[in-house]
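As structure tokens, the structure follows; a few thoughts come after it.
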Amino acid sequence: MLSIQNLHANIDGKEILRGINLDVKPGEIHAIMGPNGAGKSTLASVLAGRADYEVTEGSVTFWGKDLLALAPEERAGEGLFLSFQYPVEIPGLSTTNFIKSAVNEVRKYRGQDALDAVSFLKLMKEKMALMNMDQVLLSRSLNEGFSGGEKKRNEIFQMAMLEPKLAILDETDSGLDIDAIRIVANGVNKLRNSENAVLAITHYQRLLDYIVPDFVHVLYQGRIVKSGTKELAYELEEKGYDFIKNEINIEEQV
Amino acid sequence: MDHINYIKEQFDQLQTAEAGSQLQAFRSKAFDTFNQLGVPTARNEEWRYTRIAPLFNNGFQLQENNLVLADVVTHRMPGHEKANELFFVNGRYSADLSKIISPSLQLALLEDALQGEHKELINTHLGHSAVYLRDGINALNNALVQGAVFIHVAKSAQVEHPVYIYNVTDGRNENVLSQPRSLFYLGVNAQLQIAETFITIGTQDSFTNKIMELVVEEDARLEYYIIQNDNAQSNLVSTTHIRHIGKSFSHGVTISLNGGIVRNNLNIVLEKAYCEAHLYGLYFQQGNSHIDNHTVVDNVSPNCYSNELYKGMMDGSSTGVFNGKIFVRQPAQKTNAFQSNKNVLLSNDASVNTKPQLEIFADDVKCSHGCTIGRLDEEGLFYLQSRGISEKVAKAMLLQSFVGDIVDKINIPAIRTHVEDLIAERLEYKVD
């Protein structure tokens with residue numbers, strides 16, 4: 001569903017992504033790991049369409065469409081979802097109204113009728129039960145005063161409501177304790193099926209105990225330098241990123 | 001004829017026509033002040049960013065009321081069926097258009113009231129705003145005061161229906177100078193809600209110079225809502241002066257959406273201990289409009305509380321001014337006074353000058369102030385867009401959430417909904 005070819009991207013004239021190649025098929029879970037500054041979050045941002053980044057080379061197709069030509073909201077309409085590393089707090093905007101707008105705008109994009117109040121409520125209740133989501137959170141302003149865990153759970157709840165084909169989880173585990181990670185990961189797993197896919201970006205292996213990847217890719221200096229199965233994640237956890245860095249540096253010297 | 005001569009001529013005519021009036025001395029004194037100070041120019045620090053003097057080249061004239069109810073009905077505010085309605089047309093109170101439905105409200109023309117039992121009270125409080133506004137524009141209203149009203153709210157009266165005030169200018173034929181004037185007295189333990197708006201009919205240039213003075217007695221509670229959404233030819237100086245003469249409470253919201261040059265003077269004088277005042281404001285400007293909110297909170301006695309929050313959204317080439325003064329006099333120990341002004345610039349050509357001004361002479365007080373001027377939060381915008389919400393709708397949602405807490409402070413439901421609708425209309429988006 002997702003095909004990234006030789007993707008290069010800059011921010012403020014500095015090259016962060018230096019030729020990424022990646023293919024994701026329905027039903028797959030891919031983990032992207034790497035040290036700080038490798039370009040993990042940049043990749044997530046470029047895929048979701050954040051304006052600060054400039055793509056200088058390469059292409060990204062999503063279900064055959066040129067993803068980079070689409071506005072962020074069109075990408076969401078096509079079925080792409082980014083779970084933010086730092087979900088934005090918006091005082092005064094009720095979480096429920098926000099989600100209702102999002103659901104109906106996405107439905108509009110997909111040529112479906114807007115949900116009426118009753119159907120929306122029914123859908124909310126269903127997904128709330130699935131995610132163990134607290135009603136109280138939904139009546140509050142969007143993410144305002146939410147704990148780190150509540151914000152991330154709210155991200156996954158939005159994902160449940162929007163039913164994307166590809167979910168990009170940008171450091172969803174960062175700042176969470178092990179219980180919160182388990183809750184969030186369980187939420188993601190409940191939403192999985194053979195039609196959708198997950199791109200989990202993480203610094204640590206521990207998230208991958210709960211969201212078990214089919215493929216693990218190591219991002220370093222803007223490139224995927226190593227790919228493997230979930231065992232690669234354990235190896236990284238054990239040896240640290242230095243062993244990758246050393247391998248690369250040796251290759252470069254040769 | 002220049003405007004100084006015109007005003008002199010009008011003053012002389014008025015004084016001759018009302019030779020026996022109790023207001024003669026009041027007008028004369030103010031006229032001297034006006035002669036001395038003139039219409040304020042940019043040389044006056046208080047008027048540095050709001051230039052009204054050039055407007056007076058438009059040859060504004062005082063006009064008699066020649067409107068009938070049919071001309072104004074479409075401009076009435078929602079909820080008017082259950083409201084007392086006061087109409088000022090071209091600055092003069094119109095008994096024909098107005099209606100009083102609350103028996104605890106006693107309304108009289110100022111000159112008539114000066115013949116009656118409240119004479120002392122009126123003489124004490126009429127023109128008190130001039131203590132804080134030492135300029136020719138305040139004096140101009142005083143000098144030509146006519147068709148003004150005195151409204152007395154009886155002791156312990158809980159006025160069930162709000163008072164809607166319409167300041168109407170008939171700009172169909174002439175450039176009109178309109179100077180509505182009112183003095184409210186809220187007796188001990190009385191409660192009153194006021195909603196005021198400004199309407200210009202026709203497309204001529206107009207200048208409205210309103211003064212509303214309110215006296216709030218012990219244990220009384222005042223709520224006032226000022227809605228400004230007039231056409232671009234309508235210029236306005238709106239002075240609202242609230243004098244808390246006993247331990248009492250006031251709560252107000254000023255909403256400025258459209259107009260030409262608009263200056264709001266809001267003075268809150270907390271004269272007795274344990275007074276409480278809440279001042280909120282929202283301005284949402286576009287085109288070439290200009291909005292200036294000059295507020296004064298004067299803490300004269302100890303243990304008073306005031307909270308002030310003004311928010312602005314500036315689009316087009318609009319310009320804005322916020323000037324918030326807080327005085328804490330030496331006896332006003334244990335004052336709690338808070339002030340905040342937040343602005344969002346929506347275009348490259350819009351601008352805001354914001355100036356908090358605290359003068360504190362007591363040593364045991366809690367005061368804070370802050371101001372921000374920024375752009376719409378890009379990260380918030382991207383967050384909403386990433387959830388499938390179009391840029392236009394996302395912007396509207398962010399702006400509505402920015403102003404929501406101000407609009408929510410309007411405690412008359414029909415007026416709150418009215419303001420929500422006006423903002424939704426401007427943003428072309430409504431939260432359902």
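Order determines the names: the first chain of the structure tokens is A, the second B, and so forth; residues in each chain are numbered 1 upward, and ligands are numbered 1 upward as they are shown.
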
*Would you list, as an NGL selection string, the residues of range 10-250 of chain A that end up in strand (DSSP E or B) under DSSP run on this structure's backbone?*
:A and (10-11 or 14-24 or 29-33 or 53-62 or 65-66 or 80-83 or 90-94 or 141-142 or 166-170 or 197-202 or 215-220 or 223-228)

Check: which chain B residues lie within 8 Å of chain A using only C-alpha atoms, as a tab-separated table (two decimals) with all heavy atoms, in the first residue's frame:
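And here is the file that came out, part37.tsv:
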chain	number	residue	atom	x	y	z
B	379	GLU	N	1.21	24.28	14.55
B	379	GLU	CA	1.22	22.89	14.99
B	379	GLU	C	-0.22	22.41	15.22
B	379	GLU	O	-0.57	21.29	14.86
B	379	GLU	CB	2.08	22.76	16.26
B	379	GLU	CG	2.31	21.35	16.76
B	379	GLU	CD	3.09	20.46	15.79
B	379	GLU	OE1	3.69	20.97	14.84
B	379	GLU	OE2	3.06	19.22	16.00
B	380	GLY	N	-1.03	23.29	15.83
B	380	GLY	CA	-2.44	22.95	16.03
B	380	GLY	C	-3.15	22.75	14.71
B	380	GLY	O	-3.97	21.84	14.55
B	382	PHE	N	-1.82	21.86	11.83
B	382	PHE	CA	-1.38	20.60	11.21
B	382	PHE	C	-2.04	19.41	11.90
B	382	PHE	O	-2.44	18.44	11.25
B	382	PHE	CB	0.15	20.50	11.28
B	382	PHE	CG	0.68	19.19	10.77
B	382	PHE	CD1	0.44	18.78	9.46
B	382	PHE	CD2	1.42	18.34	11.59
B	382	PHE	CE1	0.93	17.58	8.98
B	382	PHE	CE2	1.90	17.13	11.12
B	382	PHE	CZ	1.66	16.74	9.82
B	383	TYR	N	-2.16	19.50	13.20
B	383	TYR	CA	-2.79	18.40	13.96
B	383	TYR	C	-4.22	18.16	13.46
B	383	TYR	O	-4.61	17.03	13.17
B	383	TYR	CB	-2.80	18.77	15.45
B	383	TYR	CG	-3.22	17.67	16.39
B	383	TYR	CD1	-2.57	16.44	16.41
B	383	TYR	CD2	-4.27	17.86	17.27
B	383	TYR	CE1	-2.95	15.44	17.29
B	383	TYR	CE2	-4.66	16.87	18.16
B	383	TYR	CZ	-4.00	15.65	18.16
B	383	TYR	OH	-4.38	14.67	19.03
B	384	LEU	N	-4.98	19.25	13.33
B	384	LEU	CA	-6.36	19.10	12.86
B	384	LEU	C	-6.41	18.61	11.42
B	384	LEU	O	-7.20	17.74	11.08
B	384	LEU	CB	-7.11	20.44	13.00
B	384	LEU	CG	-7.89	20.64	14.30
B	384	LEU	CD1	-7.05	20.45	15.53
B	384	LEU	CD2	-8.57	21.99	14.32
B	385	GLN	N	-5.52	19.16	10.58
B	385	GLN	CA	-5.50	18.73	9.18
B	385	GLN	C	-5.13	17.26	9.05
B	385	GLN	O	-5.68	16.55	8.22
B	385	GLN	CB	-4.49	19.57	8.38
B	385	GLN	CG	-5.00	20.96	8.05
B	385	GLN	CD	-3.96	21.68	7.21
B	385	GLN	OE1	-3.11	22.38	7.74
B	385	GLN	NE2	-4.02	21.52	5.90
B	386	SER	N	-4.21	16.82	9.91
B	386	SER	CA	-3.78	15.42	9.83
B	386	SER	C	-4.91	14.47	10.20
B	386	SER	O	-4.81	13.27	9.98
B	386	SER	CB	-2.58	15.18	10.73
B	386	SER	OG	-3.01	15.03	12.07
B	387	ARG	N	-5.98	15.02	10.78
B	387	ARG	CA	-7.15	14.19	11.09
B	387	ARG	C	-8.23	14.31	10.02
B	387	ARG	O	-9.38	13.95	10.24
B	387	ARG	CB	-7.74	14.60	12.45
B	387	ARG	CG	-6.79	14.38	13.62
B	387	ARG	CD	-6.37	12.92	13.74
B	387	ARG	NE	-5.48	12.69	14.87
B	387	ARG	CZ	-4.18	12.42	14.75
B	387	ARG	NH1	-3.62	12.34	13.56
B	387	ARG	NH2	-3.45	12.22	15.81
B	388	GLY	N	-7.85	14.92	8.90
B	388	GLY	CA	-8.78	14.97	7.77
B	388	GLY	C	-9.58	16.25	7.67
B	388	GLY	O	-10.43	16.40	6.81
B	389	ILE	N	-9.31	17.20	8.57
B	389	ILE	CA	-10.08	18.44	8.59
B	389	ILE	C	-9.41	19.46	7.66
B	389	ILE	O	-8.20	19.69	7.77
B	389	ILE	CB	-10.17	18.98	10.04
B	389	ILE	CG1	-10.90	17.94	10.91
B	389	ILE	CG2	-10.89	20.32	10.08
B	389	ILE	CD1	-10.84	18.22	12.41
B	390	SER	N	-10.19	20.05	6.77
B	390	SER	CA	-9.61	20.96	5.77
B	390	SER	C	-9.00	22.18	6.46
B	390	SER	O	-9.39	22.54	7.57
B	390	SER	CB	-10.67	21.41	4.77
B	390	SER	OG	-11.58	22.28	5.41
B	391	GLU	N	-8.07	22.82	5.79
B	391	GLU	CA	-7.36	23.95	6.37
B	391	GLU	C	-8.32	25.05	6.81
B	391	GLU	O	-8.19	25.61	7.91
B	391	GLU	CB	-6.34	24.49	5.36
B	391	GLU	CG	-5.46	25.58	5.95
B	391	GLU	CD	-4.42	26.08	4.96
B	391	GLU	OE1	-4.23	25.45	3.90
B	391	GLU	OE2	-3.79	27.10	5.25
B	397	MET	N	-12.01	26.36	13.44
B	397	MET	CA	-12.14	25.65	14.72
B	397	MET	C	-11.16	26.21	15.75
B	397	MET	O	-11.50	26.41	16.92
B	397	MET	CB	-11.89	24.15	14.54
B	397	MET	CG	-13.02	23.43	13.82
B	397	MET	SD	-12.62	21.70	13.46
B	397	MET	CE	-12.97	20.95	15.04
B	398	LEU	N	-9.93	26.48	15.30
B	398	LEU	CA	-8.92	27.00	16.24
B	398	LEU	C	-9.32	28.39	16.73
B	398	LEU	O	-9.17	28.71	17.91
B	398	LEU	CB	-7.54	27.06	15.56
B	398	LEU	CG	-6.86	25.72	15.30
B	398	LEU	CD1	-5.55	25.93	14.56
B	398	LEU	CD2	-6.62	24.96	16.60
B	400	GLN	N	-12.38	29.66	16.83
B	400	GLN	CA	-13.54	29.56	17.72
B	400	GLN	C	-13.15	29.07	19.10
B	400	GLN	O	-13.69	29.53	20.10
B	400	GLN	CB	-14.60	28.67	17.11
B	400	GLN	CG	-15.32	29.39	15.97
B	400	GLN	CD	-16.63	28.76	15.61
B	400	GLN	OE1	-16.83	27.58	15.82
B	400	GLN	NE2	-17.53	29.55	15.06
B	401	SER	N	-12.19	28.16	19.15
B	401	SER	CA	-11.77	27.69	20.48
B	401	SER	C	-10.98	28.79	21.21
B	401	SER	O	-11.04	28.89	22.43
B	401	SER	CB	-10.97	26.40	20.38
B	401	SER	OG	-9.89	26.54	19.50
B	402	PHE	N	-10.30	29.65	20.43
B	402	PHE	CA	-9.56	30.77	21.03
B	402	PHE	C	-10.51	31.75	21.72
B	402	PHE	O	-10.24	32.24	22.82
B	402	PHE	CB	-8.74	31.46	19.94
B	402	PHE	CG	-7.99	32.69	20.38
B	402	PHE	CD1	-6.95	32.60	21.30
B	402	PHE	CD2	-8.30	33.94	19.87
B	402	PHE	CE1	-6.25	33.74	21.70
B	402	PHE	CE2	-7.60	35.08	20.25
B	402	PHE	CZ	-6.58	34.97	21.18
B	404	GLY	N	-13.79	31.17	22.48
B	404	GLY	CA	-14.92	30.53	23.15
B	404	GLY	C	-15.09	30.95	24.60
B	404	GLY	O	-16.20	31.20	25.06
B	405	ASP	N	-13.97	31.05	25.33
B	405	ASP	CA	-14.11	31.35	26.76
B	405	ASP	C	-14.61	32.77	26.99
B	405	ASP	O	-15.25	33.04	28.01
B	405	ASP	CB	-12.79	31.09	27.51
B	405	ASP	CG	-11.62	31.88	26.98
B	405	ASP	OD1	-11.71	32.40	25.85
B	405	ASP	OD2	-10.59	31.97	27.68
B	431	VAL	N	-19.66	25.29	15.06
B	431	VAL	CA	-19.57	24.04	15.81
B	431	VAL	C	-21.00	23.56	16.08
B	431	VAL	O	-21.83	24.35	16.53
B	431	VAL	CB	-18.86	24.24	17.16
B	431	VAL	CG1	-18.78	22.93	17.92
B	431	VAL	CG2	-17.46	24.80	16.93
B	432	ASP	N	-21.30	22.30	15.77
B	432	ASP	CA	-22.67	21.85	16.06
B	432	ASP	C	-22.72	21.00	17.31
B	432	ASP	O	-21.73	20.84	18.00
B	432	ASP	CB	-23.27	21.09	14.87
B	432	ASP	CG	-22.38	19.96	14.42
B	432	ASP	OD1	-21.34	19.73	15.08
B	432	ASP	OD2	-22.69	19.30	13.41

*Leaving out Asp179 in chain A and any residue of its chain fewer than 5 positions from it, which residues lie within 10 Å of it when counting only C-alpha atoms, given as a PyMOL selection string?*
chain A and resi 149+184-185

_Nearest to Ile211 in chain B, chosen from B:Leu110, B:Pro180, B:Arg134, B:Gln357, with only C-alpha atoms counted in the distances_ = B:Pro180

_List the spatial neighbours of His128 in chain B as a list in words - criterion: any atom at most 10 Å away, only C-alpha atoms, same-chain residues fewer than 5 positions off excluded._
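Answer for this query is Asn123, Leu133, Glu213, Leu214, Val215, His241, Ile242 and Arg243 of chain B.
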
*asked:* For a test of reading the model, state the distance in Å between CA of Asn141 in chain B and CA of Leu109 in chain B, rounded to one decimal.
replied: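 Answer for the CA of Asn141 in chain B to CA of Leu109 in chain B separation: 15.8 Å.
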
*Residue contacts of range 8-15 of chain A (12 Å, only C-alpha atoms) excluding same-chain residues fewer than 3 positions away, as a ChimeraX atom specification*: /A:4-5,18-21,37-47,49-60,68,221-223

*Using only C-alpha atoms, which residues sit within 7 Å of Phe60 in chain B once same-chain residues fewer than 4 positions away are excluded, as a list in words?*
Phe56, Asn175, Val176, Leu177 and Ser206 of chain B

*range 325-333 of chain B surroundings by only C-alpha atoms, 10 Å radius, close-in-sequence under 3 positions cut, as JSON, numbers by chain*: {"B": [267, 268, 269, 270, 271, 272, 273, 294, 295, 296, 297, 298, 299, 300, 301, 302, 303, 304, 306, 322, 336, 337, 338, 339, 355, 356, 357, 358, 359, 360, 361, 362, 363, 364, 365, 366, 367, 368, 369]}

Keeping only N, CA, C and O atoms, write the selected residues to a file as a short mmCIF file (atom, residue, chain, number, x, y, z; two decimals), in the first residue's frame.
data_model
loop_
_atom_site.label_atom_id
_atom_site.label_comp_id
_atom_site.auth_asym_id
_atom_site.auth_seq_id
_atom_site.Cartn_x
_atom_site.Cartn_y
_atom_site.Cartn_z
N ASN B 267 -14.21 52.22 32.28
CA ASN B 267 -13.62 52.57 33.58
C ASN B 267 -14.36 51.85 34.69
O ASN B 267 -15.59 51.91 34.76
N ILE B 268 -13.62 51.20 35.55
CA ILE B 268 -14.23 50.53 36.70
C ILE B 268 -13.60 51.16 37.95
O ILE B 268 -12.38 51.03 38.15
N VAL B 269 -14.41 51.80 38.72
CA VAL B 269 -13.88 52.45 39.93
C VAL B 269 -14.38 51.68 41.14
O VAL B 269 -15.60 51.62 41.40
N LEU B 270 -13.45 51.05 41.83
CA LEU B 270 -13.80 50.20 42.98
C LEU B 270 -13.58 51.03 44.25
O LEU B 270 -12.49 51.10 44.78
N GLU B 271 -14.65 51.69 44.68
CA GLU B 271 -14.49 52.69 45.73
C GLU B 271 -14.57 52.11 47.14
O GLU B 271 -14.05 52.70 48.07
N LYS B 272 -15.26 50.97 47.28
CA LYS B 272 -15.43 50.39 48.61
C LYS B 272 -14.76 49.02 48.66
O LYS B 272 -14.56 48.37 47.64
N ALA B 273 -14.43 48.59 49.88
CA ALA B 273 -13.73 47.32 50.06
C ALA B 273 -14.58 46.15 49.57
O ALA B 273 -15.80 46.21 49.61
N HIS B 294 -9.51 50.91 25.70
CA HIS B 294 -8.83 51.57 26.81
C HIS B 294 -9.59 51.25 28.09
O HIS B 294 -10.74 51.67 28.23
N THR B 295 -8.96 50.52 28.99
CA THR B 295 -9.67 50.17 30.22
C THR B 295 -8.93 50.74 31.42
O THR B 295 -7.71 50.87 31.40
N VAL B 296 -9.71 51.08 32.43
CA VAL B 296 -9.14 51.54 33.70
C VAL B 296 -9.81 50.75 34.81
O VAL B 296 -11.04 50.66 34.86
N VAL B 297 -9.01 50.15 35.67
CA VAL B 297 -9.55 49.58 36.90
C VAL B 297 -8.87 50.33 38.04
O VAL B 297 -7.65 50.27 38.18
N ASP B 298 -9.66 51.06 38.78
CA ASP B 298 -9.08 51.88 39.86
C ASP B 298 -9.45 51.29 41.22
O ASP B 298 -10.62 51.29 41.61
N ASN B 299 -8.44 50.75 41.89
CA ASN B 299 -8.66 50.18 43.24
C ASN B 299 -8.41 51.27 44.26
O ASN B 299 -7.28 51.66 44.51
N VAL B 300 -9.50 51.73 44.84
CA VAL B 300 -9.42 52.83 45.79
C VAL B 300 -9.39 52.30 47.23
O VAL B 300 -8.76 52.87 48.10
N SER B 301 -10.09 51.18 47.43
CA SER B 301 -10.23 50.61 48.78
C SER B 301 -9.64 49.21 48.83
O SER B 301 -9.44 48.57 47.80
N PRO B 302 -9.39 48.69 50.04
CA PRO B 302 -8.74 47.39 50.17
C PRO B 302 -9.61 46.21 49.75
O PRO B 302 -10.84 46.33 49.67
N ASN B 303 -8.94 45.07 49.51
CA ASN B 303 -9.60 43.78 49.34
C ASN B 303 -10.50 43.68 48.11
O ASN B 303 -11.44 42.89 48.11
N CYS B 304 -10.24 44.46 47.11
CA CYS B 304 -11.04 44.33 45.89
C CYS B 304 -10.40 43.33 44.95
O CYS B 304 -9.20 43.06 45.02
N SER B 306 -10.25 42.16 40.79
CA SER B 306 -10.64 42.38 39.40
C SER B 306 -9.91 41.41 38.50
O SER B 306 -8.77 41.05 38.73
N PHE B 322 -4.76 47.91 22.64
CA PHE B 322 -5.26 47.57 23.98
C PHE B 322 -4.41 48.33 24.97
O PHE B 322 -3.18 48.28 24.94
N ASN B 336 -6.44 42.26 44.65
CA ASN B 336 -6.13 41.23 43.67
C ASN B 336 -6.55 41.76 42.31
O ASN B 336 -7.75 41.95 42.09
N ALA B 337 -5.60 42.01 41.44
CA ALA B 337 -5.95 42.56 40.13
C ALA B 337 -5.18 41.83 39.04
O ALA B 337 -3.95 41.78 39.08
N PHE B 338 -5.91 41.26 38.12
CA PHE B 338 -5.28 40.47 37.07
C PHE B 338 -5.70 40.98 35.70
O PHE B 338 -6.84 41.40 35.51
N GLN B 339 -4.75 40.93 34.78
CA GLN B 339 -5.04 41.45 33.45
C GLN B 339 -4.31 40.62 32.40
O GLN B 339 -3.15 40.25 32.59
N LYS B 355 -0.62 47.59 25.56
CA LYS B 355 0.13 48.26 26.62
C LYS B 355 -0.54 48.09 27.97
O LYS B 355 -1.57 48.69 28.24
N PRO B 356 0.00 47.22 28.81
CA PRO B 356 -0.49 47.16 30.17
C PRO B 356 0.16 48.28 30.98
O PRO B 356 1.32 48.63 30.73
N GLN B 357 -0.58 48.84 31.89
CA GLN B 357 -0.05 49.98 32.64
C GLN B 357 -0.51 49.84 34.10
O GLN B 357 -1.68 50.04 34.39
N LEU B 358 0.41 49.46 34.97
CA LEU B 358 0.04 49.26 36.37
C LEU B 358 0.69 50.33 37.22
O LEU B 358 1.89 50.54 37.14
N GLU B 359 -0.12 51.00 38.00
CA GLU B 359 0.43 51.99 38.92
C GLU B 359 -0.01 51.60 40.32
O GLU B 359 -1.18 51.71 40.67
N ILE B 360 0.97 51.12 41.09
CA ILE B 360 0.64 50.49 42.37
C ILE B 360 1.29 51.29 43.50
O ILE B 360 2.50 51.44 43.53
N PHE B 361 0.45 51.78 44.40
CA PHE B 361 0.96 52.57 45.52
C PHE B 361 0.81 51.85 46.86
O PHE B 361 1.23 52.35 47.89
N ALA B 362 0.15 50.69 46.85
CA ALA B 362 0.03 49.89 48.07
C ALA B 362 1.09 48.80 48.04
O ALA B 362 1.58 48.44 46.96
N ASP B 363 1.47 48.26 49.20
CA ASP B 363 2.58 47.31 49.19
C ASP B 363 2.18 45.85 49.39
O ASP B 363 2.97 44.96 49.22
N ASP B 364 0.92 45.61 49.73
CA ASP B 364 0.50 44.23 49.97
C ASP B 364 -0.60 43.87 48.98
O ASP B 364 -1.79 43.86 49.31
N VAL B 365 -0.21 43.61 47.74
CA VAL B 365 -1.20 43.37 46.68
C VAL B 365 -0.76 42.21 45.81
O VAL B 365 0.42 41.86 45.79
N LYS B 366 -1.71 41.64 45.09
CA LYS B 366 -1.38 40.65 44.06
C LYS B 366 -1.87 41.20 42.73
O LYS B 366 -3.08 41.35 42.53
N CYS B 367 -0.94 41.53 41.86
CA CYS B 367 -1.32 42.05 40.55
C CYS B 367 -0.52 41.31 39.50
O CYS B 367 0.65 41.00 39.71
N SER B 368 -1.16 41.03 38.38
CA SER B 368 -0.40 40.44 37.29
C SER B 368 -0.93 40.98 35.98
O SER B 368 -2.09 41.40 35.89
N HIS B 369 -0.07 40.99 35.00
CA HIS B 369 -0.52 41.38 33.66
C HIS B 369 0.31 40.63 32.66
O HIS B 369 1.43 40.20 32.93
#
